[in-house]
Amino acid sequence: MQLLDGKALSKTIQKEIKTAVEKRLEEGKKRPHLAAILVGTDGASQTYVGHKVKMCKAVGFQSTLIQLANNTSQTELLEHIQKLNENTDIDGFIVQLPLPKHIDVPTITEAIDYQKDVDGFHPQNIGRMAQNLPCFLPATPAGILELLARHQVPTSGKECVVIGRSNIVGRPMSILLSRNASPGNCTVTLCHSRTQNLADYTRRADILVVALGKAEFITADMVKEGAVVVDVGITRVPDASRKRGYRLAGDVKFDEVAPKCSFITPVPGGVGPMTVTSLLLNTLRAAENRTQK
């Protein structure tokens with residue numbers, strides 16, 4: 001069993017990004033600039049965005065954080081997005097999810113200039129992804145691809161099962177692994193909450209990607225011997241023995257599943273660190289695209 005160590009790999013890629021930024025500056029090109037809009041005071045979102053700002057500084061990016069009140073109207077938010085679309089110094093930006101309930105997420109997503117959509121959620125980027133054309137890939141699926149590629153995990157001809165059909169992880173992951181690309185060329189089955197006899201599918205999987213949000217849902221009897229398991233989930237599980245009163249658990253029961261696997265991601269330290277790193281890679285590519293233009 002080999003760990004797909006996202007924490008270690010993300011540090012390696014961040015060093016590569018930093019080197020690329022230093023080269024850009026030596027050539028007289030502008031420093032990549034990532035902006036983020038945060039609406040409201042959701043604790044997890046604040047922590048996540050704060051981490052993104054910290055990582056921008058570490059790799060040499062410029063960053064801008066726009067913090068808006070929870071009662072910000074959709075019209076006001078759209079105005080801020082338009083300003084970022086028009087700002088020639090901003091290479092890419094994100095609108096942190098989740099948004100307050102009074103704001104329509106698809107409307108916001110479509111308002112972002114797809115050439116600055118470094119989250120990879122705009123319909124034009126999703127459409128280009130489906131056709132295997134150059135685009136910004138959603139950060140978490142892109143991070144998973146990087147994990148598979150850098151660890152030389154074979155995917156061509158493999159049977160892959162993806163559990164979860166969100167537009168952020170599950171659905172794009174199923175498209176990416178089925179593409180005629182590397183990693184890719186899998187035979188993919190997309191399972192979800194309405195799938196009957198789920199274990200019948202998971203036990204066939206050479207590659208199992210789990211994005212459910214249900215702590216330790218996948219057990220050893222649901223996994224094929226020698227499978228590659230990618231655990232996207234992360235949940236706080238109460239644990240009185242821990243100082244914080246909880247522990248972090250993935251969607252996979254790691255201790256009993258890991259011995260059966262050829263490769264598996266830990267939680268934490270697997271997919272999570274690669275998500276932010278993928279966002280940085282997208283921003284660097286956005287800066288390079290704008291330089292070429």
# chains A, B, ... in the order shown; residues from 1 in each chain; ligands from 1
>>> residues_around(residues="Ala286 (chain A)", least_positions_apart="3", cutoff="9 Å", atoms="only C-alpha atoms", output="list in words")
Pro32, Asp91, Gly92, Gln115, Lys116, Asp117, Val118, Phe136, Leu281, Asn282, Thr283, Asn289, Arg290 and Thr291 of chain A
>>> select_by_dssp(residues="region 108-271 of chain A", states="strand (DSSP E or B)", output="ChimeraX atom specification")
/A:117,159-163,187-191,207-210,218,228-231,235-238,246-249,252,263-264
>>> write_last_selection(atoms="N, CA and C atoms", output="mmCIF file, in the first residue's frame")
data_model
loop_
_atom_site.group_PDB
_atom_site.id
_atom_site.type_symbol
_atom_site.label_atom_id
_atom_site.label_comp_id
_atom_site.auth_asym_id
_atom_site.auth_seq_id
_atom_site.Cartn_x
_atom_site.Cartn_y
_atom_site.Cartn_z
ATOM 1 N N ASP A 117 -11.846 32.571 -14.570
ATOM 2 C CA ASP A 117 -12.551 31.622 -13.711
ATOM 3 C C ASP A 117 -11.606 30.518 -13.263
ATOM 4 N N GLU A 159 -11.350 0.219 -14.559
ATOM 5 C CA GLU A 159 -12.739 0.495 -14.195
ATOM 6 C C GLU A 159 -12.751 1.433 -12.998
ATOM 7 N N CYS A 160 -13.391 2.579 -13.163
ATOM 8 C CA CYS A 160 -13.417 3.611 -12.130
ATOM 9 C C CYS A 160 -14.852 3.841 -11.677
ATOM 10 N N VAL A 161 -15.036 3.922 -10.373
ATOM 11 C CA VAL A 161 -16.335 4.269 -9.808
ATOM 12 C C VAL A 161 -16.182 5.565 -9.027
ATOM 13 N N VAL A 162 -17.009 6.549 -9.350
ATOM 14 C CA VAL A 162 -17.037 7.830 -8.649
ATOM 15 C C VAL A 162 -18.333 7.884 -7.853
ATOM 16 N N ILE A 163 -18.234 8.135 -6.557
ATOM 17 C CA ILE A 163 -19.431 8.244 -5.715
ATOM 18 C C ILE A 163 -19.632 9.708 -5.355
ATOM 19 N N THR A 187 -13.043 3.359 -17.785
ATOM 20 C CA THR A 187 -14.473 3.090 -17.930
ATOM 21 C C THR A 187 -15.109 3.531 -16.621
ATOM 22 N N VAL A 188 -15.944 4.571 -16.686
ATOM 23 C CA VAL A 188 -16.390 5.247 -15.467
ATOM 24 C C VAL A 188 -17.866 4.995 -15.183
ATOM 25 N N THR A 189 -18.156 4.691 -13.924
ATOM 26 C CA THR A 189 -19.531 4.617 -13.432
ATOM 27 C C THR A 189 -19.703 5.693 -12.373
ATOM 28 N N LEU A 190 -20.738 6.514 -12.517
ATOM 29 C CA LEU A 190 -21.019 7.578 -11.557
ATOM 30 C C LEU A 190 -22.177 7.145 -10.664
ATOM 31 N N CYS A 191 -21.891 6.971 -9.388
ATOM 32 C CA CYS A 191 -22.911 6.558 -8.421
ATOM 33 C C CYS A 191 -23.302 7.736 -7.535
ATOM 34 N N ILE A 207 -10.341 1.821 -9.544
ATOM 35 C CA ILE A 207 -10.123 3.152 -8.971
ATOM 36 C C ILE A 207 -11.443 3.617 -8.371
ATOM 37 N N LEU A 208 -11.432 3.949 -7.085
ATOM 38 C CA LEU A 208 -12.643 4.377 -6.392
ATOM 39 C C LEU A 208 -12.437 5.802 -5.869
ATOM 40 N N VAL A 209 -13.268 6.723 -6.358
ATOM 41 C CA VAL A 209 -13.207 8.123 -5.914
ATOM 42 C C VAL A 209 -14.466 8.392 -5.101
ATOM 43 N N VAL A 210 -14.293 8.774 -3.837
ATOM 44 C CA VAL A 210 -15.429 8.909 -2.933
ATOM 45 C C VAL A 210 -15.577 10.370 -2.496
ATOM 46 N N ILE A 218 -17.318 4.148 3.519
ATOM 47 C CA ILE A 218 -16.769 3.034 2.745
ATOM 48 C C ILE A 218 -15.938 2.135 3.651
ATOM 49 N N VAL A 228 -7.240 1.387 -6.095
ATOM 50 C CA VAL A 228 -6.762 2.735 -5.812
ATOM 51 C C VAL A 228 -7.945 3.499 -5.231
ATOM 52 N N VAL A 229 -7.802 4.041 -4.029
ATOM 53 C CA VAL A 229 -8.914 4.721 -3.362
ATOM 54 C C VAL A 229 -8.562 6.180 -3.114
ATOM 55 N N VAL A 230 -9.397 7.068 -3.649
ATOM 56 C CA VAL A 230 -9.216 8.514 -3.473
ATOM 57 C C VAL A 230 -10.372 9.022 -2.623
ATOM 58 N N ASP A 231 -10.048 9.491 -1.429
ATOM 59 C CA ASP A 231 -11.050 9.920 -0.455
ATOM 60 C C ASP A 231 -11.107 11.447 -0.435
ATOM 61 N N THR A 235 -14.784 15.214 7.415
ATOM 62 C CA THR A 235 -15.853 15.491 8.373
ATOM 63 C C THR A 235 -15.275 15.542 9.776
ATOM 64 N N ARG A 236 -15.784 16.468 10.589
ATOM 65 C CA ARG A 236 -15.396 16.514 11.998
ATOM 66 C C ARG A 236 -16.211 15.482 12.770
ATOM 67 N N VAL A 237 -15.519 14.532 13.375
ATOM 68 C CA VAL A 237 -16.175 13.473 14.150
ATOM 69 C C VAL A 237 -15.869 13.712 15.633
ATOM 70 N N PRO A 238 -16.908 13.803 16.485
ATOM 71 C CA PRO A 238 -16.653 14.019 17.916
ATOM 72 C C PRO A 238 -15.699 12.975 18.490
ATOM 73 N N TYR A 246 -12.628 16.749 18.715
ATOM 74 C CA TYR A 246 -13.049 16.071 17.481
ATOM 75 C C TYR A 246 -11.804 15.606 16.718
ATOM 76 N N ARG A 247 -12.053 14.711 15.774
ATOM 77 C CA ARG A 247 -11.007 14.303 14.840
ATOM 78 C C ARG A 247 -11.541 14.451 13.423
ATOM 79 N N LEU A 248 -10.655 14.524 12.453
ATOM 80 C CA LEU A 248 -11.057 14.640 11.051
ATOM 81 C C LEU A 248 -11.082 13.256 10.419
ATOM 82 N N ALA A 249 -12.185 12.944 9.780
ATOM 83 C CA ALA A 249 -12.335 11.636 9.129
ATOM 84 C C ALA A 249 -12.779 11.813 7.691
ATOM 85 N N VAL A 252 -13.901 7.304 3.798
ATOM 86 C CA VAL A 252 -13.415 5.924 3.783
ATOM 87 C C VAL A 252 -12.900 5.556 5.175
ATOM 88 N N PHE A 263 -2.972 1.999 -3.730
ATOM 89 C CA PHE A 263 -2.772 3.407 -3.398
ATOM 90 C C PHE A 263 -4.003 3.911 -2.661
ATOM 91 N N ILE A 264 -3.788 4.835 -1.709
ATOM 92 C CA ILE A 264 -4.919 5.451 -1.016
ATOM 93 C C ILE A 264 -4.509 6.829 -0.510
#
>>> residues_around(residues="Gln131 (chain A)", least_positions_apart="2", cutoff="10 Å", atoms="only C-alpha atoms", output="tab-separated table (two decimals) with C-alpha atoms, in the first residue's frame")
chain	number	residue	atom	x	y	z
A	125	ASN	CA	-14.83	25.87	-18.90
A	126	ILE	CA	-16.96	22.84	-18.04
A	127	GLY	CA	-17.95	22.47	-21.71
A	128	ARG	CA	-14.35	22.72	-22.89
A	129	MET	CA	-13.33	20.20	-20.22
A	133	LEU	CA	-10.01	21.29	-24.86
A	134	PRO	CA	-7.69	23.66	-22.96
A	175	ILE	CA	-15.69	13.28	-17.17
A	176	LEU	CA	-11.95	13.77	-16.64
A	179	ARG	CA	-11.39	11.41	-21.41
A	180	ASN	CA	-8.86	10.23	-23.97
>>> atom_distance(atom1="CA of Phe254 (chain A)", atom2="CA of Ala220 (chain A)")
8.7 Å
>>> atom_distance(atom1="CA of Pro268 (chain A)", atom2="CA of Arg203 (chain A)")
24.2 Å
>>> closest_residue(among="A:Leu148, A:Met1, A:Ile90, A:Leu280", to="Lys30 (chain A)", atoms="only C-alpha atoms")
A:Ile90
>>> atom_distance(atom1="CA of Lys11 (chain A)", atom2="CA of Lys54 (chain A)")
13.4 Å
>>> closest_residue(among="A:Gly157, A:Pro172, A:Pro266, A:Gly60", to="Ala130 (chain A)", atoms="only C-alpha atoms")
A:Pro172
>>> residues_around(residues="Val95 (chain A)", least_positions_apart="4", cutoff="7 Å", atoms="only C-alpha atoms", output="list in words")
Ala36, Ile37 and Leu38 of chain A
>>> write_last_selection(atoms="C-alpha atoms", output="PDB file, in the first residue's frame")
ATOM      1  CA  ALA A  36     -11.219  36.292  -3.842  1.00  0.00           C
ATOM      2  CA  ILE A  37     -14.688  37.496  -2.875  1.00  0.00           C
ATOM      3  CA  LEU A  38     -15.972  36.274   0.485  1.00  0.00           C
TER       4      LEU A  38
END
>>> residues_around(residues="Thr277 (chain A)", least_positions_apart="3", cutoff="8 Å", atoms="only C-alpha atoms", output="list in words")
Ser10, Ile13, Gln14, Gly143, Pro273, Met274, Leu280 and Leu281 of chain A
>>> closest_residue(among="A:Asn167, A:Lys18, A:Gln46, A:Lys101", to="Asp119 (chain A)", atoms="only C-alpha atoms")
A:Asn167
